[in-house]
file target_23.cif (mmCIF, C-alpha atoms)
data_my_file
loop_
_atom_site.label_atom_id
_atom_site.label_comp_id
_atom_site.auth_asym_id
_atom_site.auth_seq_id
_atom_site.Cartn_x
_atom_site.Cartn_y
_atom_site.Cartn_z
CA MET A 1 90.25 63.84 93.14
CA ILE A 2 89.48 66.34 95.87
CA ILE A 3 87.49 69.32 94.67
CA LEU A 4 87.00 72.53 96.63
CA GLY A 5 83.94 74.44 95.44
CA MET A 6 83.56 78.05 96.46
CA ASP A 7 80.78 80.58 96.20
CA PRO A 8 82.80 83.76 96.62
CA GLY A 9 81.50 86.83 98.41
CA LEU A 10 82.59 89.53 100.82
CA ALA A 11 80.17 88.87 103.69
CA ILE A 12 79.87 85.11 103.09
CA LEU A 13 82.24 82.77 101.33
CA GLY A 14 80.51 79.43 100.91
CA TYR A 15 82.68 76.33 100.52
CA GLY A 16 82.16 72.66 99.88
CA VAL A 17 84.77 69.93 99.62
CA ILE A 18 84.09 66.64 97.88
CA ASP A 19 86.12 63.60 96.97
CA TYR A 20 85.30 62.33 93.51
CA GLN A 21 86.57 59.16 91.92
CA LYS A 22 85.67 58.85 88.27
CA GLY A 23 82.63 56.67 87.74
CA SER A 24 81.98 56.31 91.44
CA GLN A 25 80.07 58.22 94.04
CA TYR A 26 80.97 61.54 95.55
CA THR A 27 82.00 61.79 99.18
CA VAL A 28 81.42 65.01 101.06
CA LEU A 29 84.45 65.93 103.15
CA ASP A 30 83.27 69.26 104.49
CA TYR A 31 81.15 72.29 103.82
CA GLY A 32 80.42 75.60 105.48
CA CYS A 33 80.99 79.32 105.26
CA VAL A 34 83.54 81.95 106.15
CA PHE A 35 81.69 85.00 107.43
CA THR A 36 83.01 88.54 107.61
CA LYS A 37 81.09 91.14 109.56
CA ALA A 38 79.71 94.27 107.99
CA HIS A 39 81.01 97.45 109.59
CA THR A 40 84.42 95.95 110.20
CA PRO A 41 87.33 97.41 108.23
CA MET A 42 87.62 96.13 104.67
CA PRO A 43 91.29 95.11 105.09
CA ASP A 44 90.31 92.87 108.02
CA ARG A 45 87.47 91.31 106.06
CA LEU A 46 89.77 90.58 103.13
CA MET A 47 92.39 89.05 105.39
CA LYS A 48 89.79 86.82 107.00
CA LEU A 49 88.70 85.54 103.58
CA ALA A 50 92.30 84.87 102.55
CA ASP A 51 92.96 83.04 105.82
CA GLY A 52 89.82 80.99 105.34
CA VAL A 53 90.85 79.89 101.85
CA GLU A 54 94.36 79.13 103.04
CA ALA A 55 93.07 76.98 105.91
CA LEU A 56 90.81 75.02 103.57
CA CYS A 57 93.62 74.44 101.08
CA ARG A 58 96.04 73.34 103.77
CA LYS A 59 93.53 70.99 105.32
CA PHE A 60 92.10 69.35 102.21
CA GLN A 61 94.89 69.82 99.64
CA PRO A 62 92.39 70.11 96.79
CA ASP A 63 93.38 68.85 93.35
CA ALA A 64 91.07 71.42 91.80
CA ILE A 65 89.24 74.53 92.95
CA ALA A 66 86.03 75.63 91.28
CA MET A 67 84.35 78.99 91.83
CA GLU A 68 81.13 80.53 90.72
CA GLU A 69 81.59 83.27 88.20
CA LEU A 70 80.44 86.65 89.40
CA PHE A 71 77.57 88.45 87.79
CA PHE A 72 76.71 92.00 88.57
CA ASN A 73 73.35 93.56 88.20
CA LYS A 74 73.46 95.49 91.45
CA ASN A 75 75.02 98.82 92.20
CA VAL A 76 78.65 99.49 91.34
CA THR A 77 79.77 99.93 94.95
CA THR A 78 78.59 96.42 95.80
CA ALA A 79 80.17 95.03 92.66
CA ILE A 80 83.52 96.60 93.54
CA ALA A 81 83.44 95.25 97.09
CA VAL A 82 82.60 91.74 95.91
CA ALA A 83 85.25 91.89 93.17
CA GLN A 84 87.86 92.86 95.75
CA ALA A 85 86.89 89.83 97.80
CA ARG A 86 86.98 87.61 94.76
CA GLY A 87 90.47 88.82 93.85
CA VAL A 88 91.72 87.92 97.30
CA ILE A 89 90.06 84.50 97.23
CA LEU A 90 91.40 83.74 93.76
CA GLN A 91 94.92 84.86 94.59
CA GLN A 92 94.99 82.76 97.74
CA ALA A 93 93.62 79.71 95.93
CA ALA A 94 96.29 80.13 93.25
CA ARG A 95 98.98 79.62 95.92
CA TYR A 96 97.87 76.01 96.22
CA THR A 97 96.95 74.85 92.76
CA ASN A 98 96.95 75.87 89.12
CA GLU A 99 93.76 73.90 88.70
CA LEU A 100 91.37 76.84 89.04
CA PHE A 101 88.02 76.80 87.29
CA GLU A 102 84.90 78.88 87.15
CA TYR A 103 81.34 78.19 86.15
CA THR A 104 78.33 80.36 85.57
CA PRO A 105 75.17 79.69 87.59
CA LEU A 106 73.66 78.36 84.37
CA GLN A 107 76.48 75.86 83.92
CA VAL A 108 76.11 74.74 87.53
CA LYS A 109 72.40 74.08 87.07
CA GLN A 110 73.05 72.30 83.80
CA ALA A 111 75.68 70.07 85.35
CA VAL A 112 73.82 69.24 88.55
CA VAL A 113 70.20 69.04 87.43
CA GLY A 114 70.56 68.58 83.70
CA TYR A 115 68.96 71.78 82.52
CA GLY A 116 69.87 75.43 83.02
CA ARG A 117 66.51 76.76 84.10
CA ALA A 118 66.24 74.65 87.21
CA ASP A 119 65.25 76.63 90.29
CA LYS A 120 67.32 76.85 93.46
CA HIS A 121 65.34 74.12 95.25
CA GLN A 122 65.73 71.66 92.40
CA VAL A 123 69.46 72.27 92.37
CA GLN A 124 69.71 71.81 96.12
CA GLU A 125 67.62 68.65 96.09
CA MET A 126 69.61 67.07 93.24
CA MET A 127 72.81 68.00 94.98
CA ARG A 128 71.56 66.45 98.22
CA LEU A 129 70.70 63.21 96.42
CA GLN A 130 73.99 62.99 94.55
CA LEU A 131 75.92 63.55 97.76
CA ARG A 132 73.68 61.18 99.75
CA LEU A 133 73.02 63.79 102.42
CA THR A 134 70.01 63.53 104.70
CA GLU A 135 69.40 67.28 104.63
CA ILE A 136 70.17 70.19 102.36
CA PRO A 137 73.25 71.92 103.75
CA GLN A 138 72.71 75.33 105.29
CA PRO A 139 73.20 78.17 104.61
CA ASP A 140 72.51 78.45 100.89
CA ASP A 141 76.07 79.59 100.23
CA ALA A 142 77.44 76.26 101.46
CA ALA A 143 74.88 74.37 99.37
CA ASP A 144 75.82 76.46 96.34
CA ALA A 145 79.49 75.73 96.89
CA LEU A 146 78.82 71.97 96.98
CA ALA A 147 76.84 72.30 93.75
CA ILE A 148 79.80 74.08 92.17
CA ALA A 149 82.11 71.26 93.25
CA ILE A 150 79.74 68.69 91.71
CA CYS A 151 79.54 70.82 88.57
CA HIS A 152 83.31 70.64 88.23
CA ALA A 153 83.33 66.88 88.79
CA ASN A 154 80.65 66.45 86.14
CA SER A 155 82.54 68.71 83.75
CA SER A 156 85.75 66.75 84.05
CA GLU A 157 85.50 65.56 80.47
CA MET A 158 86.42 69.02 79.26
CA PRO A 159 87.33 71.10 82.28
CA GLN A 160 89.93 73.11 80.35
CA SER A 161 87.11 75.13 78.85
CA PHE A 162 86.35 76.51 82.27
CA ARG A 163 89.86 77.25 83.44
CA ILE A 164 90.30 80.72 84.93
CA GLU A 165 92.52 82.70 82.61
CA MET B 2 107.90 107.86 109.31
CA ILE B 3 108.19 105.67 106.25
CA ILE B 4 105.26 105.98 103.89
CA LEU B 5 104.52 103.60 101.03
CA GLY B 6 102.33 105.20 98.39
CA MET B 7 100.61 102.98 95.86
CA ASP B 8 98.67 103.60 92.70
CA PRO B 9 96.85 100.28 92.43
CA GLY B 10 96.07 98.60 89.12
CA LEU B 11 96.05 95.20 87.48
CA ALA B 12 98.57 95.79 84.68
CA ILE B 13 100.65 98.34 86.59
CA LEU B 14 100.99 98.88 90.31
CA GLY B 15 102.92 102.10 90.87
CA TYR B 16 104.75 102.51 94.16
CA GLY B 17 106.78 105.20 95.88
CA VAL B 18 108.46 105.03 99.27
CA ILE B 19 109.40 108.16 101.20
CA ASP B 20 110.82 108.89 104.62
CA TYR B 21 109.14 111.86 106.24
CA GLN B 22 110.09 113.51 109.48
CA LYS B 23 107.61 116.10 110.66
CA GLY B 24 108.68 119.61 109.76
CA SER B 25 111.64 118.39 107.74
CA GLN B 26 112.25 117.36 104.16
CA TYR B 27 111.11 114.19 102.49
CA THR B 28 113.62 111.57 101.45
CA VAL B 29 112.81 109.28 98.55
CA LEU B 30 113.75 105.71 99.36
CA ASP B 31 112.47 104.02 96.22
CA TYR B 32 109.90 104.14 93.49
CA GLY B 33 108.87 102.00 90.56
CA CYS B 34 106.20 99.69 89.26
CA VAL B 35 105.10 96.10 89.42
CA PHE B 36 103.97 95.06 85.97
CA THR B 37 101.72 92.13 85.12
CA LYS B 38 101.36 91.05 81.53
CA ALA B 39 98.08 91.04 79.69
CA HIS B 40 97.11 87.61 78.33
CA THR B 41 98.63 85.83 81.30
CA PRO B 42 96.23 84.03 83.64
CA MET B 43 94.48 86.29 86.15
CA PRO B 44 95.54 84.13 89.14
CA ASP B 45 99.21 84.59 88.16
CA ARG B 46 98.77 88.34 87.76
CA LEU B 47 97.14 88.62 91.17
CA MET B 48 99.89 86.57 92.80
CA LYS B 49 102.54 88.79 91.23
CA LEU B 50 100.86 91.88 92.65
CA ALA B 51 100.62 90.31 96.10
CA ASP B 52 104.26 89.26 95.96
CA GLY B 53 105.26 92.77 94.90
CA VAL B 54 103.45 94.37 97.81
CA GLU B 55 104.90 91.82 100.20
CA ALA B 56 108.45 92.47 98.97
CA LEU B 57 108.01 96.23 99.37
CA CYS B 58 106.61 95.87 102.88
CA ARG B 59 109.36 93.50 103.95
CA LYS B 60 112.08 95.73 102.55
CA PHE B 61 110.86 99.12 103.75
CA GLN B 62 108.68 98.25 106.76
CA PRO B 63 106.35 101.17 106.10
CA ASP B 64 104.68 102.89 109.06
CA ALA B 65 101.78 103.81 106.82
CA ILE B 66 100.50 102.78 103.41
CA ALA B 67 98.48 105.18 101.28
CA MET B 68 96.59 104.21 98.15
CA GLU B 69 94.70 106.09 95.53
CA GLU B 70 90.97 105.52 95.69
CA LEU B 71 89.57 103.86 92.62
CA PHE B 72 87.14 105.61 90.38
CA PHE B 73 85.30 103.85 87.62
CA ASN B 74 83.92 105.45 84.55
CA LYS B 75 85.01 102.72 82.19
CA ASN B 76 83.31 99.47 81.39
CA VAL B 77 82.27 97.08 84.12
CA THR B 78 84.64 94.30 83.06
CA THR B 79 87.62 96.59 83.50
CA ALA B 80 86.27 97.82 86.81
CA ILE B 81 85.90 94.27 88.10
CA ALA B 82 89.43 93.32 87.05
CA VAL B 83 90.93 96.38 88.71
CA ALA B 84 88.87 95.86 91.85
CA GLN B 85 90.13 92.28 92.09
CA ALA B 86 93.68 93.59 91.91
CA ARG B 87 92.95 96.27 94.49
CA GLY B 88 91.51 93.68 96.88
CA VAL B 89 94.67 91.62 96.63
CA ILE B 90 96.92 94.66 97.13
CA LEU B 91 94.90 95.87 100.11
CA GLN B 92 94.80 92.46 101.74
CA GLN B 93 98.55 92.01 101.37
CA ALA B 94 99.25 95.51 102.70
CA ALA B 95 97.04 94.79 105.70
CA ARG B 96 99.38 91.93 106.69
CA TYR B 97 102.04 94.52 107.50
CA THR B 98 100.25 97.47 109.01
CA ASN B 99 96.88 98.71 110.20
CA GLU B 100 97.84 102.16 109.02
CA LEU B 101 96.08 102.01 105.66
CA PHE B 102 94.77 105.14 104.02
CA GLU B 103 93.24 106.19 100.77
CA TYR B 104 92.92 109.48 98.97
CA THR B 105 90.99 110.62 95.95
CA PRO B 106 92.89 112.12 93.01
CA LEU B 107 91.41 115.48 94.06
CA GLN B 108 92.81 115.13 97.57
CA VAL B 109 96.21 114.22 96.17
CA LYS B 110 96.29 117.33 93.99
CA GLN B 111 95.09 119.48 96.86
CA ALA B 112 97.77 118.15 99.16
CA VAL B 113 100.67 118.28 96.70
CA VAL B 114 99.92 121.40 94.66
CA GLY B 115 97.50 123.25 96.89
CA TYR B 116 94.47 123.15 94.68
CA GLY B 117 92.38 120.32 93.35
CA ARG B 118 92.23 121.35 89.71
CA ALA B 119 95.95 121.14 89.10
CA ASP B 120 96.84 119.22 85.98
CA LYS B 121 99.06 116.14 85.88
CA HIS B 122 102.19 118.08 84.95
CA GLN B 123 101.77 120.56 87.78
CA VAL B 124 101.36 117.69 90.24
CA GLN B 125 104.44 115.93 88.90
CA GLU B 126 106.54 119.10 88.93
CA MET B 127 105.56 120.04 92.50
CA MET B 128 106.22 116.49 93.59
CA ARG B 129 109.64 116.58 91.93
CA LEU B 130 110.51 119.83 93.74
CA GLN B 131 109.30 118.63 97.13
CA LEU B 132 111.30 115.43 96.78
CA ARG B 133 114.35 117.26 95.37
CA LEU B 134 114.54 114.98 92.36
CA THR B 135 116.35 116.03 89.21
CA GLU B 136 113.76 114.43 86.94
CA ILE B 137 110.14 113.45 87.14
CA PRO B 138 109.99 109.74 87.91
CA GLN B 139 108.82 107.48 85.13
CA PRO B 140 106.40 105.93 84.40
CA ASP B 141 103.46 108.08 85.50
CA ASP B 142 102.25 105.36 87.85
CA ALA B 143 105.42 105.65 89.92
CA ALA B 144 105.15 109.44 89.94
CA ASP B 145 101.51 109.16 91.02
CA ALA B 146 102.46 106.80 93.81
CA LEU B 147 105.06 109.25 95.13
CA ALA B 148 102.44 112.01 95.01
CA ILE B 149 100.10 109.80 97.04
CA ALA B 150 102.84 109.25 99.62
CA ILE B 151 103.42 113.02 99.86
CA CYS B 152 99.69 113.53 100.13
CA HIS B 153 99.58 111.24 103.14
CA ALA B 154 102.54 113.00 104.75
CA ASN B 155 100.85 116.37 104.24
CA SER B 156 97.60 115.03 105.62
CA SER B 157 99.17 113.77 108.80
CA GLU B 158 97.36 116.35 110.88
CA MET B 159 94.14 114.43 110.40
CA PRO B 160 94.95 111.18 108.67
CA GLN B 161 92.18 109.29 110.47
CA SER B 162 89.68 110.83 108.09
CA PHE B 163 91.27 108.90 105.27
CA ARG B 164 91.68 105.54 106.96
CA ILE B 165 90.43 102.62 104.87
CA GLU B 166 87.41 101.17 106.63
#
call {"tool": "encode", "arguments": {"input": "target_23.cif", "output": "structure tokens"}}
result
Amino acid sequence: MIILGMDPGLAILGYGVIDYQKGSQYTVLDYGCVFTKAHTPMPDRLMKLADGVEALCRKFQPDAIAMEELFFNKNVTTAIAVAQARGVILQQAARYTNELFEYTPLQVKQAVVGYGRADKHQVQEMMRLQLRLTEIPQPDDAADALAIAICHANSSEMPQSFRIE
Amino acid sequence: MIILGMDPGLAILGYGVIDYQKGSQYTVLDYGCVFTKAHTPMPDRLMKLADGVEALCRKFQPDAIAMEELFFNKNVTTAIAVAQARGVILQQAARYTNELFEYTPLQVKQAVVGYGRADKHQVQEMMRLQLRLTEIPQPDDAADALAIAICHANSSEMPQSFRIE
């Protein structure tokens, strides 16, 4: 099963693609980020995100796509901008599969490390080990996206609970 | 110049299409709404909105698209959902033209009625007269979208100020 994990954002969309066969190891197929520049028109930034998601879906034909759920404790303007980006990313992903899932940061930590209060470095290190990588992927957004993909793989016993509705 | 006005939303996307030749009358080409049902999955709702915008753009080939700016005084969850929809609508519109504009409700009233404190009925009645319609379009979202299109036509002296950046 090919899983595309995404850490959605307006300026940076982190992604990680893994191949997961039940009971066996994970294989990393790709990871990275789609960047959109500040001070460029919003419509262009949104199109670039959509194109990025489309390219990933075409290339890897994911069986499932998992995203991090958004939380907002910042100012409303930022929240609106990020939500716009998330809408675009979600809509584009939905063109390729109905298997769309989302997880909170807590659920990701729980699934990758085993407990929800793990710090960022613990999550990254556990993710690195599980994926048999020599280094922690950079930037953080790509590492986060890989963790989200692992989280979905580890949640495959009851993934329906996390389906985006 | 063909102008597509849109009143963006998640449950209802109002649209109105007018043909405007400088110094002459407006011609209404179409108006209506794209509806998405509550309690259907968000990805499906977002795709339906994108498809609706795409169909309108393909059919009418607008020279400019004008949207109402979003204001949020409701709860954050609603704001996020509407912003996701707006992102999708904006991104899809951007596939067809760079001429993307937005206006506040105040600017729409100012442009259609002549003063910013006009009430909804005054706006709808002035819009009806300017478009030479026998009745006020229903539902309100379609009427609002036509008003936004008129607003853009009336703002064509300095539309750059309202370009979506």
call {"tool": "calpha_fit_and_write", "arguments": {"input": "target_23.cif", "fixed": "chain B", "moving": "chain A", "output": "short mmCIF file (atom, residue, chain, number, x, y, z; two decimals) with C-alpha atoms, in the coordinates of the input"}}
result
data_model
loop_
_atom_site.label_atom_id
_atom_site.label_comp_id
_atom_site.auth_asym_id
_atom_site.auth_seq_id
_atom_site.Cartn_x
_atom_site.Cartn_y
_atom_site.Cartn_z
CA MET A 1 107.90 107.85 109.32
CA ILE A 2 108.20 105.66 106.25
CA ILE A 3 105.28 105.97 103.88
CA LEU A 4 104.54 103.58 101.03
CA GLY A 5 102.33 105.19 98.40
CA MET A 6 100.63 102.97 95.87
CA ASP A 7 98.69 103.60 92.70
CA PRO A 8 96.87 100.28 92.42
CA GLY A 9 96.09 98.60 89.12
CA LEU A 10 96.05 95.20 87.48
CA ALA A 11 98.58 95.79 84.68
CA ILE A 12 100.68 98.35 86.59
CA LEU A 13 101.00 98.89 90.31
CA GLY A 14 102.93 102.09 90.87
CA TYR A 15 104.77 102.51 94.17
CA GLY A 16 106.78 105.19 95.89
CA VAL A 17 108.47 105.04 99.28
CA ILE A 18 109.41 108.16 101.21
CA ASP A 19 110.83 108.90 104.62
CA TYR A 20 109.13 111.85 106.25
CA GLN A 21 110.12 113.51 109.48
CA LYS A 22 107.64 116.08 110.67
CA GLY A 23 108.69 119.59 109.76
CA SER A 24 111.64 118.41 107.73
CA GLN A 25 112.24 117.38 104.18
CA TYR A 26 111.11 114.21 102.50
CA THR A 27 113.62 111.59 101.45
CA VAL A 28 112.82 109.29 98.56
CA LEU A 29 113.77 105.71 99.37
CA ASP A 30 112.49 104.03 96.24
CA TYR A 31 109.91 104.14 93.50
CA GLY A 32 108.88 102.00 90.56
CA CYS A 33 106.21 99.69 89.25
CA VAL A 34 105.12 96.08 89.42
CA PHE A 35 103.97 95.04 85.96
CA THR A 36 101.72 92.12 85.11
CA LYS A 37 101.37 91.04 81.51
CA ALA A 38 98.08 91.03 79.69
CA HIS A 39 97.12 87.62 78.34
CA THR A 40 98.62 85.84 81.30
CA PRO A 41 96.22 84.04 83.64
CA MET A 42 94.48 86.29 86.14
CA PRO A 43 95.52 84.16 89.15
CA ASP A 44 99.18 84.61 88.16
CA ARG A 45 98.76 88.35 87.75
CA LEU A 46 97.13 88.63 91.17
CA MET A 47 99.86 86.58 92.80
CA LYS A 48 102.52 88.77 91.23
CA LEU A 49 100.86 91.89 92.65
CA ALA A 50 100.60 90.33 96.11
CA ASP A 51 104.26 89.27 95.97
CA GLY A 52 105.25 92.76 94.89
CA VAL A 53 103.44 94.38 97.82
CA GLU A 54 104.88 91.83 100.22
CA ALA A 55 108.43 92.47 98.99
CA LEU A 56 108.01 96.22 99.38
CA CYS A 57 106.60 95.86 102.89
CA ARG A 58 109.36 93.50 103.96
CA LYS A 59 112.06 95.73 102.55
CA PHE A 60 110.86 99.12 103.75
CA GLN A 61 108.69 98.24 106.77
CA PRO A 62 106.36 101.18 106.11
CA ASP A 63 104.70 102.89 109.06
CA ALA A 64 101.79 103.81 106.82
CA ILE A 65 100.51 102.78 103.41
CA ALA A 66 98.49 105.17 101.29
CA MET A 67 96.60 104.20 98.14
CA GLU A 68 94.70 106.09 95.53
CA GLU A 69 90.99 105.52 95.70
CA LEU A 70 89.57 103.85 92.63
CA PHE A 71 87.13 105.60 90.38
CA PHE A 72 85.29 103.86 87.64
CA ASN A 73 83.92 105.46 84.57
CA LYS A 74 85.00 102.73 82.19
CA ASN A 75 83.32 99.49 81.35
CA VAL A 76 82.28 97.08 84.09
CA THR A 77 84.65 94.31 83.02
CA THR A 78 87.64 96.61 83.48
CA ALA A 79 86.29 97.85 86.79
CA ILE A 80 85.92 94.29 88.07
CA ALA A 81 89.44 93.33 87.03
CA VAL A 82 90.94 96.40 88.68
CA ALA A 83 88.86 95.87 91.84
CA GLN A 84 90.13 92.31 92.08
CA ALA A 85 93.68 93.61 91.90
CA ARG A 86 92.95 96.26 94.47
CA GLY A 87 91.50 93.69 96.87
CA VAL A 88 94.67 91.63 96.63
CA ILE A 89 96.91 94.66 97.12
CA LEU A 90 94.89 95.88 100.09
CA GLN A 91 94.79 92.48 101.75
CA GLN A 92 98.53 92.03 101.36
CA ALA A 93 99.25 95.51 102.70
CA ALA A 94 97.02 94.80 105.70
CA ARG A 95 99.37 91.94 106.69
CA TYR A 96 102.02 94.52 107.51
CA THR A 97 100.25 97.48 109.01
CA ASN A 98 96.88 98.71 110.21
CA GLU A 99 97.86 102.16 109.03
CA LEU A 100 96.09 102.00 105.66
CA PHE A 101 94.79 105.15 104.03
CA GLU A 102 93.24 106.19 100.78
CA TYR A 103 92.92 109.47 98.96
CA THR A 104 90.99 110.61 95.95
CA PRO A 105 92.89 112.12 93.02
CA LEU A 106 91.40 115.46 94.06
CA GLN A 107 92.80 115.14 97.57
CA VAL A 108 96.21 114.22 96.17
CA LYS A 109 96.27 117.32 93.98
CA GLN A 110 95.08 119.47 96.85
CA ALA A 111 97.76 118.14 99.16
CA VAL A 112 100.65 118.28 96.71
CA VAL A 113 99.92 121.39 94.67
CA GLY A 114 97.49 123.24 96.90
CA TYR A 115 94.44 123.15 94.70
CA GLY A 116 92.34 120.29 93.34
CA ARG A 117 92.19 121.31 89.71
CA ALA A 118 95.91 121.11 89.10
CA ASP A 119 96.82 119.18 85.96
CA LYS A 120 99.03 116.10 85.90
CA HIS A 121 102.17 118.06 84.96
CA GLN A 122 101.74 120.54 87.78
CA VAL A 123 101.36 117.70 90.24
CA GLN A 124 104.43 115.93 88.90
CA GLU A 125 106.52 119.09 88.93
CA MET A 126 105.52 120.01 92.50
CA MET A 127 106.21 116.48 93.59
CA ARG A 128 109.63 116.58 91.92
CA LEU A 129 110.49 119.82 93.72
CA GLN A 130 109.30 118.63 97.12
CA LEU A 131 111.31 115.44 96.77
CA ARG A 132 114.35 117.28 95.36
CA LEU A 133 114.54 114.98 92.35
CA THR A 134 116.35 116.04 89.20
CA GLU A 135 113.75 114.43 86.94
CA ILE A 136 110.12 113.44 87.13
CA PRO A 137 110.01 109.72 87.90
CA GLN A 138 108.83 107.46 85.11
CA PRO A 139 106.41 105.91 84.39
CA ASP A 140 103.48 108.06 85.48
CA ASP A 141 102.26 105.35 87.84
CA ALA A 142 105.44 105.64 89.91
CA ALA A 143 105.15 109.43 89.93
CA ASP A 144 101.52 109.14 91.01
CA ALA A 145 102.47 106.79 93.81
CA LEU A 146 105.07 109.25 95.13
CA ALA A 147 102.45 112.00 95.01
CA ILE A 148 100.12 109.80 97.05
CA ALA A 149 102.85 109.25 99.63
CA ILE A 150 103.43 113.02 99.87
CA CYS A 151 99.67 113.53 100.14
CA HIS A 152 99.59 111.25 103.16
CA ALA A 153 102.55 113.02 104.76
CA ASN A 154 100.86 116.37 104.23
CA SER A 155 97.59 115.03 105.63
CA SER A 156 99.18 113.78 108.81
CA GLU A 157 97.35 116.36 110.88
CA MET A 158 94.13 114.44 110.42
CA PRO A 159 94.96 111.20 108.66
CA GLN A 160 92.21 109.29 110.48
CA SER A 161 89.70 110.83 108.11
CA PHE A 162 91.27 108.91 105.28
CA ARG A 163 91.68 105.55 106.96
CA ILE A 164 90.43 102.62 104.88
CA GLU A 165 87.41 101.18 106.62
#
call {"tool": "residues_around", "arguments": {"input": "target_23.cif", "residues": "B:Gln62", "least_positions_apart": "6", "cutoff": "9 Å", "atoms": "only C-alpha atoms", "output": "list in words"}}
result
Ile3, Ile4, Leu5, Tyr97 and Thr98 of chain B
call {"tool": "interface_residues", "arguments": {"input": "target_23.cif", "of": "chain A", "to": "chain B", "cutoff": "6 Å", "atoms": "all atoms listed in the file", "output": "JSON, numbers by chain"}}
result
{"A": [41, 42, 43, 46, 47, 80, 83, 84, 87, 88, 91, 94, 165]}
call {"tool": "resolve_selection", "arguments": {"input": "target_23.cif", "expression": "the PyMOL selection byres ((chain B and resi 30) around 8)", "output": "number ranges by chain"}}
result
B: 17-20, 28-29, 31-32
call {"tool": "resolve_selection", "arguments": {"input": "target_23.cif", "expression": "the PyMOL selection byres ((chain B and resi 65) around 6)", "output": "PDB file with C-alpha atoms, in the coordinates of the input"}}
result
ATOM      1  CA  ILE B   4     105.260 105.980 103.890  1.00  0.00           C
ATOM      2  CA  PRO B  63     106.350 101.170 106.100  1.00  0.00           C
ATOM      3  CA  ASP B  64     104.680 102.890 109.060  1.00  0.00           C
ATOM      4  CA  ILE B  66     100.500 102.780 103.410  1.00  0.00           C
ATOM      5  CA  GLU B 100      97.840 102.160 109.020  1.00  0.00           C
TER       6      GLU B 100
END
call {"tool": "residues_around", "arguments": {"input": "target_23.cif", "residues": "stretch 132-148 of chain A", "least_positions_apart": "3", "cutoff": "7 Å", "atoms": "only C-alpha atoms", "output": "PyMOL selection string"}}
result
chain A and resi 5-7+14-17+31-33+66-68+108+112+124-125+127-129+151-152
call {"tool": "atom_distance", "arguments": {"input": "target_23.cif", "atom1": "atom CA of A:Ala11", "atom2": "atom CA of A:Val53"}}
result
14.1 Å
call {"tool": "closest_residue", "arguments": {"input": "target_23.cif", "among": "A:Leu106, A:Ile12, A:Val123, A:Val34", "to": "A:Asp51", "atoms": "only C-alpha atoms"}}
result
A:Val34
call {"tool": "resolve_selection", "arguments": {"input": "target_23.cif", "expression": "the PyMOL selection byres ((chain A and resi 103) around 7)", "output": "PyMOL selection string"}}
result
chain A and resi 67-69+101-102+104-105+107-108+162
call {"tool": "atom_distance", "arguments": {"input": "target_23.cif", "atom1": "atom CA of A:Phe35", "atom2": "atom CA of A:Asn75"}}
result
21.6 Å
call {"tool": "atom_distance", "arguments": {"input": "target_23.cif", "atom1": "atom CA of B:Gln22", "atom2": "atom CA of B:Met2"}}
result
6.1 Å
